[in-house]
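Visitor: Provided herewith: model_18.txt, compact mmCIF, C-alpha atoms.
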```txt
# COMPACT_ATOMS: atom_id res chain seq x y z
CA MET W 1 1.47 34.08 8.94
CA LEU W 2 4.18 31.86 7.48
CA GLU W 3 6.07 29.33 9.53
CA ARG W 4 9.51 30.69 10.33
CA ILE W 5 11.28 27.34 10.05
CA ILE W 6 10.57 25.47 6.83
CA ASP W 7 12.20 22.91 4.63
CA THR W 8 12.62 23.23 0.89
CA SER W 9 9.29 21.54 0.24
CA ALA W 10 7.76 24.50 2.07
CA ILE W 11 8.56 26.80 -0.86
CA ARG W 12 7.22 24.38 -3.42
CA SER W 13 4.50 26.76 -4.54
CA LEU W 14 7.01 29.58 -4.99
CA LEU W 15 9.13 27.34 -7.19
CA SER W 16 6.13 26.16 -9.20
CA ALA W 17 6.39 23.05 -7.13
CA ARG W 18 4.35 20.81 -4.93
CA THR W 19 6.96 18.05 -4.66
CA LEU W 20 9.04 19.77 -7.29
CA ALA W 21 6.14 21.30 -9.15
CA SER W 22 2.51 21.63 -8.38
CA ALA W 23 2.15 25.02 -9.98
CA ILE W 24 -1.53 25.41 -10.71
CA ALA W 25 -2.47 28.64 -12.46
CA LEU W 26 -5.99 30.08 -12.31
CA CYS W 27 -7.55 32.77 -14.38
CA ALA W 28 -9.12 34.16 -11.20
CA ALA W 29 -6.55 35.73 -8.92
CA LEU W 30 -6.19 34.54 -5.33
CA THR W 31 -8.29 31.43 -5.87
CA PRO W 32 -7.72 28.91 -3.04
CA SER W 33 -5.13 26.29 -3.90
CA LEU W 34 -6.14 22.76 -4.74
CA SER W 35 -6.35 20.34 -1.85
CA VAL W 36 -4.59 17.33 -3.32
CA GLN W 37 -5.93 14.75 -0.89
CA GLN W 38 -9.50 15.81 -1.72
CA GLU W 39 -9.08 15.80 -5.49
CA LEU W 40 -6.84 12.85 -6.34
CA PRO W 41 -8.64 9.50 -6.27
CA LEU W 42 -7.17 6.52 -4.47
CA ASP W 43 -5.10 4.43 -6.85
CA TYR W 44 -6.63 0.98 -6.74
CA ARG W 45 -3.92 -0.36 -9.05
CA LEU W 46 -1.68 -0.16 -5.98
CA ASN W 47 -4.37 -1.11 -3.45
CA GLU W 48 -4.03 2.39 -2.00
CA HIS W 49 -5.94 3.09 1.18
CA VAL W 50 -5.65 5.33 4.23
CA VAL W 51 -5.30 4.12 7.82
CA GLN W 52 -4.82 5.81 11.18
CA ILE W 53 -1.68 4.98 13.19
CA PRO W 54 -1.62 5.60 16.97
CA ALA W 55 1.28 7.91 17.87
CA GLY W 56 2.65 10.46 20.27
CA PRO W 57 2.60 10.48 24.07
CA GLY W 58 0.35 7.70 25.27
CA HIS W 59 -0.55 6.99 21.64
CA MET W 60 -3.30 9.58 21.98
CA SER W 61 -2.71 11.01 18.49
CA MET W 62 -3.56 9.42 15.15
CA LEU W 63 -1.38 9.70 12.03
CA GLU W 64 -3.17 9.86 8.68
CA THR W 65 -1.20 7.25 6.75
CA THR W 66 -1.33 6.17 3.12
CA VAL W 67 -0.76 2.48 2.45
CA PHE W 68 0.18 0.86 -0.88
CA LYS W 69 0.78 -2.86 -1.29
CA PRO W 70 0.70 -5.72 -3.80
CA ASN W 71 -2.21 -8.13 -4.03
CA GLY W 72 -2.24 -10.96 -1.54
CA PRO W 73 -1.76 -11.36 2.21
CA GLY W 74 2.02 -10.91 2.34
CA PRO W 75 4.07 -10.60 4.40
CA PHE W 76 5.84 -8.01 2.24
CA PRO W 77 9.08 -6.13 2.83
CA LEU W 78 8.25 -2.57 3.79
CA LEU W 79 9.25 0.94 2.73
CA ILE W 80 8.29 3.88 4.96
CA ILE W 81 8.50 7.28 3.22
CA ASN W 82 8.60 10.48 5.28
CA HIS W 83 7.38 13.84 4.01
CA GLY W 84 8.67 17.40 4.18
CA LYS W 85 6.93 20.57 5.35
CA ASP W 86 4.98 23.13 3.34
CA LEU W 87 4.57 26.82 4.04
CA GLY W 88 1.89 27.80 6.51
CA ARG W 89 0.08 25.66 9.03
CA PRO W 90 1.04 21.97 8.98
CA SER W 91 -2.66 21.06 9.25
CA ASP W 92 -3.25 22.72 5.86
CA GLN W 93 -0.67 20.51 4.18
CA PRO W 94 -2.14 17.88 1.82
CA ARG W 95 -1.63 14.18 2.38
CA ASP W 96 1.64 13.13 0.75
CA ARG W 97 1.67 9.96 -1.37
CA PHE W 98 5.02 9.81 -3.23
CA ILE W 99 3.10 7.89 -5.88
CA HIS W 100 6.02 7.39 -8.30
CA MET W 101 8.32 5.89 -5.69
CA ALA W 102 5.47 3.86 -4.20
CA THR W 103 4.71 2.37 -7.61
CA ALA W 104 8.34 1.36 -8.17
CA PHE W 105 8.50 -0.39 -4.80
CA VAL W 106 5.13 -2.15 -5.14
CA LYS W 107 6.41 -3.58 -8.43
CA ARG W 108 9.31 -5.01 -6.43
CA GLY W 109 6.99 -6.68 -3.96
CA TYR W 110 7.08 -4.08 -1.19
CA ALA W 111 4.31 -2.63 0.89
CA VAL W 112 4.71 1.14 1.28
CA ILE W 113 3.38 3.45 3.98
CA VAL W 114 3.52 7.26 4.05
CA PRO W 115 2.63 8.57 7.54
CA MET W 116 1.71 12.23 8.02
CA ARG W 117 3.31 13.21 11.31
CA GLU W 118 1.48 14.83 14.24
CA GLY W 119 -0.20 18.09 13.30
CA PHE W 120 0.22 17.54 9.53
CA ALA W 121 -2.72 17.14 7.14
CA ALA W 122 -5.53 15.21 8.89
CA SER W 123 -3.25 13.77 11.59
CA THR W 124 -4.15 14.78 15.11
CA GLY W 125 -1.74 15.91 17.79
CA ARG W 126 0.52 18.94 17.94
CA TYR W 127 3.26 19.90 15.51
CA ARG W 128 6.44 20.46 17.52
CA ASP W 129 8.83 23.21 16.45
CA HIS W 130 12.22 23.70 18.11
CA GLY W 131 13.11 26.81 16.14
CA CYS W 132 16.72 26.79 14.97
CA ASP W 133 17.63 23.79 17.12
CA MET W 134 17.90 21.46 14.13
CA THR W 135 19.05 18.52 16.24
CA ASN W 136 15.88 18.50 18.31
CA ASN W 137 13.70 19.29 15.30
CA GLY W 138 14.91 16.03 13.76
CA TYR W 139 14.50 14.06 16.95
CA ALA W 140 10.96 15.35 17.53
CA GLN W 141 9.81 14.30 14.05
CA ALA W 142 11.61 10.94 14.33
CA GLU W 143 9.38 9.96 17.25
CA ASN W 144 6.37 9.64 14.95
CA ILE W 145 8.39 7.62 12.44
CA ARG W 146 9.28 5.24 15.24
CA ASP W 147 5.55 4.97 16.06
CA ALA W 148 4.92 4.03 12.42
CA VAL W 149 7.63 1.35 12.55
CA HIS W 150 6.10 -0.21 15.68
CA TYR W 151 2.65 -0.20 14.07
CA ALA W 152 3.90 -1.72 10.84
CA ARG W 153 5.82 -4.56 12.49
CA ALA W 154 2.60 -5.67 14.17
CA GLN W 155 0.72 -5.99 10.85
CA PRO W 156 0.41 -9.49 9.35
CA TRP W 157 1.09 -8.15 5.84
CA VAL W 158 4.49 -6.71 6.83
CA ASP W 159 7.74 -8.69 6.94
CA GLU W 160 8.92 -7.40 10.29
CA ASP W 161 12.57 -8.20 9.55
CA ARG W 162 12.85 -6.41 6.18
CA ILE W 163 12.14 -2.69 6.54
CA ILE W 164 13.73 0.30 4.80
CA ILE W 165 13.02 3.92 5.74
CA ALA W 166 13.36 6.94 3.45
CA GLY W 167 12.65 10.62 3.85
CA GLN W 168 12.59 13.74 1.69
CA SER W 169 13.60 17.21 2.94
CA TYR W 170 12.39 17.59 6.57
CA GLY W 171 11.50 13.90 6.39
CA GLY W 172 15.11 13.17 5.39
CA LEU W 173 16.43 15.01 8.44
CA ALA W 174 14.01 13.09 10.65
CA THR W 175 14.97 9.79 9.01
CA ILE W 176 18.66 10.30 9.77
CA ALA W 177 17.75 11.34 13.34
CA LEU W 178 15.84 8.07 13.64
CA GLY W 179 19.05 6.20 12.83
CA THR W 180 20.38 6.98 16.31
CA HIS W 181 17.96 4.39 17.74
CA ALA W 182 18.05 0.62 17.51
CA LEU W 183 14.97 -0.38 15.51
CA PRO W 184 14.29 -4.11 15.10
CA GLY W 185 13.78 -5.08 11.48
CA VAL W 186 15.04 -1.80 9.99
CA ARG W 187 18.01 -2.45 7.71
CA GLY W 188 18.86 0.96 6.28
CA LEU W 189 17.91 4.61 5.79
CA ILE W 190 17.72 6.82 2.68
CA ASN W 191 18.03 10.59 2.87
CA PHE W 192 16.66 12.45 -0.16
CA ALA W 193 17.69 16.13 0.09
CA GLY W 194 17.30 16.06 3.86
CA GLY W 195 17.37 19.23 5.90
CA LEU W 196 15.43 22.17 7.29
CA ALA W 197 15.89 25.87 6.55
CA ASP W 198 15.05 29.18 8.16
CA THR W 199 14.11 31.38 5.21
CA ASP W 200 13.69 34.40 7.51
CA LYS W 201 17.40 34.05 8.30
CA ARG W 202 16.89 34.75 11.99
CA CYS W 203 19.57 32.24 12.88
CA ASP W 204 22.55 30.47 11.38
CA TRP W 205 20.44 27.52 10.27
CA ARG W 206 23.14 26.10 8.00
CA SER W 207 25.61 25.72 10.86
CA SER W 208 22.80 24.31 13.00
CA LEU W 209 22.13 21.69 10.33
CA VAL W 210 25.80 20.74 10.19
CA GLU W 211 25.82 20.41 13.97
CA ALA W 212 22.67 18.27 13.88
CA PHE W 213 24.12 15.80 11.40
CA GLY W 214 27.30 15.63 13.48
CA ASN W 215 25.19 14.78 16.54
CA TYR W 216 23.33 12.10 14.61
CA GLY W 217 26.59 10.69 13.28
CA ARG W 218 27.96 10.13 16.78
CA LYS W 219 24.99 7.92 17.62
CA ASN W 220 24.37 6.42 14.18
CA ILE W 221 23.52 2.72 14.13
CA LEU W 222 22.18 2.03 10.62
CA PRO W 223 23.77 2.35 7.15
CA THR W 224 22.51 5.35 5.19
CA LEU W 225 22.36 6.56 1.58
CA TRP W 226 22.26 10.31 0.92
CA MET W 227 21.16 11.85 -2.39
CA TYR W 228 21.36 15.59 -3.20
CA GLY W 229 21.32 17.41 -6.56
CA VAL W 230 23.67 20.24 -7.44
CA ASN W 231 20.77 22.63 -8.14
CA ASP W 232 18.90 22.00 -4.89
CA SER W 233 17.27 25.34 -4.07
CA LEU W 234 18.40 25.44 -0.43
CA PHE W 235 21.01 22.77 0.16
CA ASP W 236 23.86 23.64 -2.18
CA PRO W 237 26.82 21.26 -2.70
CA GLU W 238 29.04 23.15 -0.24
CA LEU W 239 26.48 22.83 2.56
CA VAL W 240 25.78 19.20 1.69
CA GLY W 241 29.48 18.45 1.89
CA ARG W 242 29.69 20.04 5.33
CA MET W 243 26.69 18.06 6.59
CA HIS W 244 28.04 14.77 5.23
CA ASN W 245 31.54 15.39 6.56
CA ALA W 246 30.14 16.17 10.01
CA PHE W 247 28.12 12.96 9.97
CA VAL W 248 30.85 10.56 8.84
CA GLY W 249 33.52 12.45 10.79
CA ALA W 250 31.57 11.71 13.95
CA GLY W 251 31.40 8.02 13.08
CA GLY W 252 28.23 7.82 10.99
CA ARG W 253 27.85 5.39 8.08
CA ALA W 254 26.79 7.24 4.94
CA ARG W 255 27.39 7.12 1.19
CA LEU W 256 26.77 10.47 -0.44
CA VAL W 257 25.56 10.68 -4.04
CA GLN W 258 25.67 14.22 -5.44
CA TYR W 259 24.04 14.06 -8.84
CA GLY W 260 23.79 16.75 -11.51
CA ALA W 261 21.10 19.35 -12.08
CA PHE W 262 17.54 18.00 -12.14
CA LYS W 263 15.04 20.21 -13.94
CA ARG W 264 14.55 23.57 -12.18
CA ASP W 265 15.11 22.29 -8.65
CA ALA W 266 16.63 18.97 -7.62
CA HIS W 267 14.97 19.22 -4.23
CA GLY W 268 11.78 17.68 -5.61
CA MET W 269 13.50 15.00 -7.69
CA VAL W 270 12.10 12.08 -5.73
CA SER W 271 8.51 13.22 -6.27
CA SER W 272 8.90 13.77 -10.01
CA ARG W 273 7.82 11.22 -12.59
CA ASP W 274 11.25 11.54 -14.17
CA GLY W 275 13.12 11.28 -10.88
CA GLU W 276 13.15 7.49 -10.96
CA LYS W 277 15.97 7.61 -13.52
CA VAL W 278 18.09 9.35 -10.88
CA TRP W 279 17.16 7.72 -7.58
CA LEU W 280 16.39 4.12 -8.61
CA PRO W 281 19.87 2.88 -9.70
CA GLU W 282 21.55 4.18 -6.53
CA THR W 283 18.69 2.95 -4.36
CA GLU W 284 18.83 -0.54 -5.87
CA ARG W 285 22.57 -0.66 -5.22
CA PHE W 286 21.95 0.27 -1.58
CA LEU W 287 19.11 -2.21 -1.19
CA LYS W 288 21.30 -5.04 -2.45
CA GLN W 289 24.01 -4.09 0.04
CA ILE W 290 21.61 -4.40 2.96
CA GLY W 291 19.90 -7.57 1.76
CA MET W 292 16.63 -6.10 0.47
CA PRO W 293 14.91 -7.23 -2.76
CA THR W 294 15.28 -5.26 -6.00
CA GLU W 295 13.75 -7.43 -8.75
CA GLU W 296 10.34 -6.57 -10.20
CA VAL W 297 7.87 -9.31 -9.28
CA TYR W 298 4.54 -7.55 -9.89
CA ALA W 299 3.10 -5.68 -12.86
CA VAL W 300 1.14 -2.48 -12.39
CA THR W 301 -1.24 -1.78 -15.25
CA PRO W 302 -0.46 1.64 -16.79
CA ARG W 303 -3.20 4.19 -16.38
CA PRO W 304 -5.07 4.84 -19.64
CA ALA W 305 -3.98 8.01 -21.40
CA LEU W 306 -6.17 10.31 -23.44
CA PRO W 307 -5.33 9.95 -27.13
CA ALA W 308 -3.91 12.86 -29.08
CA THR W 309 -6.32 14.42 -31.56
CA ASN W 310 -5.86 16.33 -34.80
CA TYR W 311 -7.64 19.38 -33.45
CA ALA W 312 -4.56 21.63 -33.58
CA SER W 313 -0.84 21.78 -32.99
CA VAL W 314 -0.02 22.02 -29.29
CA ASP W 315 1.83 25.32 -29.79
CA ASP W 316 -1.01 26.98 -31.74
CA VAL W 317 -2.19 29.41 -29.07
CA THR W 318 -4.94 30.87 -31.28
CA ALA W 319 -6.62 27.46 -31.67
CA VAL W 320 -7.50 27.04 -27.97
CA PRO W 321 -11.25 27.70 -27.62
CA TYR W 322 -12.99 29.94 -25.05
CA LEU W 323 -9.89 31.77 -23.84
CA SER W 324 -9.69 35.51 -23.33
CA ARG W 325 -6.51 37.43 -24.14
CA GLN W 326 -5.32 36.79 -20.59
CA GLY W 327 -6.06 33.08 -21.00
CA ARG W 328 -4.03 32.90 -24.22
CA VAL W 329 -1.09 34.51 -22.46
CA ALA W 330 -1.46 31.85 -19.76
CA TYR W 331 -1.52 29.05 -22.35
CA GLU W 332 1.60 30.44 -23.99
CA ASN W 333 3.24 30.42 -20.56
CA TYR W 334 2.02 26.86 -20.01
CA LEU W 335 3.92 25.72 -23.10
CA SER W 336 7.20 26.47 -21.28
CA LYS W 337 6.28 24.31 -18.28
CA GLN W 338 7.79 20.98 -17.39
CA GLN W 339 6.25 17.63 -18.15
CA PRO W 340 4.07 15.98 -17.05
CA ARG W 341 1.65 18.85 -17.51
CA ALA W 342 -1.98 19.48 -18.42
CA PHE W 343 -4.15 22.45 -19.42
CA ALA W 344 -7.91 22.54 -18.77
CA ILE W 345 -10.54 24.95 -20.11
CA SER W 346 -14.23 25.73 -19.63
CA PRO W 347 -16.88 27.34 -21.87
CA THR W 348 -17.06 30.13 -19.27
CA GLY W 349 -13.48 31.13 -20.14
CA ALA W 350 -12.01 29.64 -16.99
CA TRP W 351 -8.70 27.83 -17.37
CA SER W 352 -6.14 26.06 -15.25
CA TRP W 353 -2.83 24.30 -15.73
CA ALA W 354 -0.77 21.93 -13.60
CA GLU W 355 2.77 20.72 -14.06
CA GLU W 356 4.91 17.99 -12.51
CA GLY W 357 3.98 16.16 -9.32
CA GLU W 358 1.08 13.75 -9.13
CA ASP W 359 -1.63 13.45 -11.78
CA PRO W 360 -1.55 16.95 -13.34
CA GLU W 361 -4.60 16.09 -15.46
CA THR W 362 -6.87 15.59 -12.44
CA ARG W 363 -5.37 18.60 -10.64
CA ALA W 364 -5.85 20.90 -13.62
CA LEU W 365 -9.48 19.85 -14.04
CA ALA W 366 -10.25 20.16 -10.33
CA THR W 367 -8.75 23.63 -10.07
CA CYS W 368 -10.53 24.81 -13.21
CA ARG W 369 -13.84 23.66 -11.73
CA GLN W 370 -13.28 25.85 -8.69
CA SER W 371 -13.75 28.96 -10.84
CA SER W 372 -16.31 27.75 -13.39
CA ASN W 373 -20.00 26.94 -13.29
CA ALA W 374 -19.63 24.89 -16.47
CA PRO W 375 -17.74 21.61 -16.98
CA CYS W 376 -13.99 21.84 -17.51
CA ARG W 377 -12.19 19.70 -20.07
CA LEU W 378 -8.60 18.93 -20.84
CA TYR W 379 -7.20 20.70 -23.86
CA SER W 380 -3.55 19.62 -23.74
CA VAL W 381 -1.53 16.94 -21.96
CA ASP W 382 2.27 17.04 -22.21
CA ASN W 383 3.03 17.81 -25.87
CA ALA W 384 -0.29 16.65 -27.28
CA VAL W 385 -3.67 18.30 -27.86
CA VAL W 386 -6.40 15.96 -26.56
CA TRP W 387 -9.35 18.27 -27.21
CA GLN W 388 -12.33 16.68 -28.96
CA ASP W 389 -15.69 17.92 -30.18
CA ASP W 390 -18.51 18.08 -27.64
CA ALA W 391 -20.03 14.63 -28.22
CA ALA W 392 -16.79 12.71 -27.77
CA ASN W 393 -15.35 15.12 -25.23
CA ALA W 394 -17.88 14.43 -22.50
CA GLY W 395 -16.96 10.76 -22.37
CA ALA W 396 -13.24 11.47 -22.49
CA THR W 397 -13.49 13.95 -19.63
CA ALA W 398 -15.45 11.48 -17.51
CA ALA W 399 -12.68 8.92 -17.98
CA THR W 400 -9.89 11.29 -16.97
CA GLY W 401 -8.42 10.51 -13.56
CA SER W 402 -10.14 7.14 -13.25
CA SER W 403 -8.16 4.11 -12.21
CA GLY W 404 -8.94 0.45 -12.67
CA ALA W 405 -9.52 -1.78 -9.67
CA ASP W 406 -7.34 -4.69 -8.62
CA THR W 407 -4.77 -4.35 -11.39
CA VAL W 408 -1.60 -5.30 -9.54
CA SER W 409 -0.61 -8.73 -10.79
CA SER W 410 2.31 -11.11 -10.51
CA LEU W 411 4.82 -11.16 -13.35
```
Please render this file's structure as structure tokens.

Guide:
Amino acid sequence: MLERIIDTSAIRSLLSARTLASAIALCAALTPSLSVQQELPLDYRLNEHVVQIPAGPGHMSMLETTVFKPNGPGPFPLLIINHGKDLGRPSDQPRDRFIHMATAFVKRGYAVIVPMREGFAASTGRYRDHGCDMTNNGYAQAENIRDAVHYARAQPWVDEDRIIIAGQSYGGLATIALGTHALPGVRGLINFAGGLADTDKRCDWRSSLVEAFGNYGRKNILPTLWMYGVNDSLFDPELVGRMHNAFVGAGGRARLVQYGAFKRDAHGMVSSRDGEKVWLPETERFLKQIGMPTEEVYAVTPRPALPATNYASVDDVTAVPYLSRQGRVAYENYLSKQQPRAFAISPTGAWSWAEEGEDPETRALATCRQSSNAPCRLYSVDNAVVWQDDAANAGATAATGSSGADTVSSL
């Protein structure tokens, strides 16, 4: 049974999107979807690790939280990123990482934490749903963000006086709700496509959202930046204008940036590899206004890419080995997908593709392996064929998805 109240990230799979697009196609119908937190390796270039943060009433719950940070003891300024909500049970939702944004901030000397709120992913506790009461939905989720702030300020590697908080979709709504509280050390809030929607249309959720932002505006304490694209799948420009007007009309401090169309759905812009071109300039401007650093001070070693081969042209559907007629139709469909993208194949005829989001190469391989008893290998990445003959291919496949250790360095 689907959750009645969802945010736009909840329909990511319907839009070929897990944070804009995690569309993973399988040759076998109804194959279980890839569990991202099980398949994607920790990124040691960013010192990525997972911790548990005490939260909820009596701090009896634990939030599964991803941490990224530069080398060294710190203290580092801190970014907290808050996630949205997928379809279905919150406990089935994979651990969010926001790897592209995390990388950009680590380069600028920040530590980054991404807490999964109560009931989400491997976090314990109960997910709280207030139906169409958007005001209290935001407040309920903001409580866990406040728990994360208190935890972070007690860590020796965090600069307790230089904290910025951002949120995407449901996380954006919760982030703005958090701005009604005085939080020591927090200098500003960023709302990326914030909101929550009732896709069953059992209530006037749009008006409820407008009312919620008006309520938050009356109690707003911190400066905020809002970013929405004109082709956001749920929050169209007219609704965004109403929400922003309600917020600032009630006394809230917010600068709204409504940018143009971003790929198929601007809602997932912040999680896309190409989204940095949109969000970074406006974010840097905001950070400077609130006295937060913006200059790159660390280098993050690029992950090694598989080299293109001369096996075939990427659009030569007949050249792809092992595929059945159905598989060749799927590959032809894959050629229309967004980048980054990857297509994996197996000698058994199994195939899988992944587009957008985090590490499509690893995701495509992992999903292909779910329906094949033989090894899967990458055939194409972006616009290049990377397929090699058997002897060289085994080594190339083993290297795919690996990440070097301790490769964050000072500039």

Visitor: So, counting only C-alpha atoms, which residue among W:Gly74, W:Ala254, W:Met134, W:Trp353 is closest to Pro156 (chain W)?

Guide: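 Comparing W:Gly74, W:Ala254, W:Met134, W:Trp353 against Pro156 (chain W), the winner is W:Gly74.
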
Visitor: When distances are computed from all atoms listed in the file, which of W:Pro73, W:Gly88, W:Gly349, W:Gly195 shows the smallest separation from Ser208 (chain W)?

Guide: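 Result for the nearest residue to Ser208 (chain W): W:Gly195.
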
Visitor: Pick the closest to Thr301 (chain W) from W:Gln338, W:Gln370, W:Thr103, W:Gln258: which is it, counting all atoms listed in the file?

Guide: W:Thr103

Visitor: Using only C-alpha atoms, which residues of region 335-367 of chain W come within 10 Å of region 377-388 of chain W, and what is the closest atom pair for each, with the distance in Å to one decimal? Give it as JSON lines, sorted by chain and residue number.

Guide:
```
{"residue": "W:Leu335", "atom": "CA", "partner": "W:Asn383", "partner_atom": "CA", "distance": 8.4}
{"residue": "W:Lys337", "atom": "CA", "partner": "W:Asp382", "partner_atom": "CA", "distance": 9.2}
{"residue": "W:Gln338", "atom": "CA", "partner": "W:Asp382", "partner_atom": "CA", "distance": 8.3}
{"residue": "W:Gln339", "atom": "CA", "partner": "W:Asp382", "partner_atom": "CA", "distance": 5.7}
{"residue": "W:Pro340", "atom": "CA", "partner": "W:Asp382", "partner_atom": "CA", "distance": 5.6}
{"residue": "W:Arg341", "atom": "CA", "partner": "W:Asp382", "partner_atom": "CA", "distance": 5.1}
{"residue": "W:Ala342", "atom": "CA", "partner": "W:Val381", "partner_atom": "CA", "distance": 4.4}
{"residue": "W:Phe343", "atom": "CA", "partner": "W:Ser380", "partner_atom": "CA", "distance": 5.2}
{"residue": "W:Ala344", "atom": "CA", "partner": "W:Leu378", "partner_atom": "CA", "distance": 4.2}
{"residue": "W:Ile345", "atom": "CA", "partner": "W:Arg377", "partner_atom": "CA", "distance": 5.5}
{"residue": "W:Ser346", "atom": "CA", "partner": "W:Arg377", "partner_atom": "CA", "distance": 6.4}
{"residue": "W:Pro347", "atom": "CA", "partner": "W:Arg377", "partner_atom": "CA", "distance": 9.1}
{"residue": "W:Trp351", "atom": "CA", "partner": "W:Arg377", "partner_atom": "CA", "distance": 9.3}
{"residue": "W:Ser352", "atom": "CA", "partner": "W:Leu378", "partner_atom": "CA", "distance": 9.4}
{"residue": "W:Trp353", "atom": "CA", "partner": "W:Ser380", "partner_atom": "CA", "distance": 9.3}
{"residue": "W:Ala354", "atom": "CA", "partner": "W:Val381", "partner_atom": "CA", "distance": 9.8}
{"residue": "W:Glu355", "atom": "CA", "partner": "W:Asp382", "partner_atom": "CA", "distance": 9.0}
{"residue": "W:Pro360", "atom": "CA", "partner": "W:Val381", "partner_atom": "CA", "distance": 8.6}
{"residue": "W:Glu361", "atom": "CA", "partner": "W:Val381", "partner_atom": "CA", "distance": 7.2}
{"residue": "W:Thr362", "atom": "CA", "partner": "W:Leu378", "partner_atom": "CA", "distance": 9.2}
{"residue": "W:Ala364", "atom": "CA", "partner": "W:Leu378", "partner_atom": "CA", "distance": 8.0}
{"residue": "W:Leu365", "atom": "CA", "partner": "W:Arg377", "partner_atom": "CA", "distance": 6.6}
{"residue": "W:Ala366", "atom": "CA", "partner": "W:Arg377", "partner_atom": "CA", "distance": 9.9}
```

Visitor: Could you produce a table of the residues of region 222-281 of chain W lying within 12 Å of region 79-86 of chain W, with the nearest pair of atoms per residue and their separation in Å rounded to one decimal, using all atoms listed in the file, ordered by chain and increasing residue number, as JSON lines?

Guide:
```
{"residue": "W:His267", "atom": "CA", "partner": "W:Gly84", "partner_atom": "CA", "distance": 10.7}
{"residue": "W:Gly268", "atom": "CA", "partner": "W:Gly84", "partner_atom": "CA", "distance": 10.3}
{"residue": "W:Val270", "atom": "CA", "partner": "W:Ile81", "partner_atom": "CA", "distance": 10.8}
{"residue": "W:Ser271", "atom": "CA", "partner": "W:His83", "partner_atom": "CA", "distance": 10.4}
```

Visitor: My list of candidates is W:Asp359, W:Pro223, W:Val67, W:Ile165. Which is closest to Ala305 (chain W) when distances are computed with all atoms listed in the file?

Guide: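 Of W:Asp359, W:Pro223, W:Val67, W:Ile165, the one nearest Ala305 (chain W), counting all atoms listed in the file, is W:Asp359.
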
Visitor: List as a VMD selection string the protein and nucleic acid residues near Gln155 (chain W), meaning an atom at most 12 Å away when all atoms listed in the file are counted, but skip any in the same chain fewer than 3 places from it.

Guide: chain W and resid 53 73 to 78 111 113 148 to 152 158 to 160

Visitor: Report the centre and edge lengths, in Å to one decimal, of an axis-aligned box enclosing every atom of region 119-127 of chain W listed in the file, padded by 5 Å on each side, as lines of an AutoDock Vina configuration file.

Guide:
```
center_x = -1.1
center_y = 16.8
center_z = 12.5
size_x = 18.8
size_y = 16.1
size_z = 20.8
```

Visitor: Hey, can you check how far CA of Arg153 (chain W) sits from CA of Leu183 (chain W)?

Guide: 10.5 Å

Visitor: Can you list, as a ChimeraX atom specification, every protein, DNA or RNA residue that comes within 8 Å of region 56-60 of chain W when you count all atoms listed in the file, leaving out same-chain residues fewer than 4 positions away?

Guide: /W:118,125,143-144,147
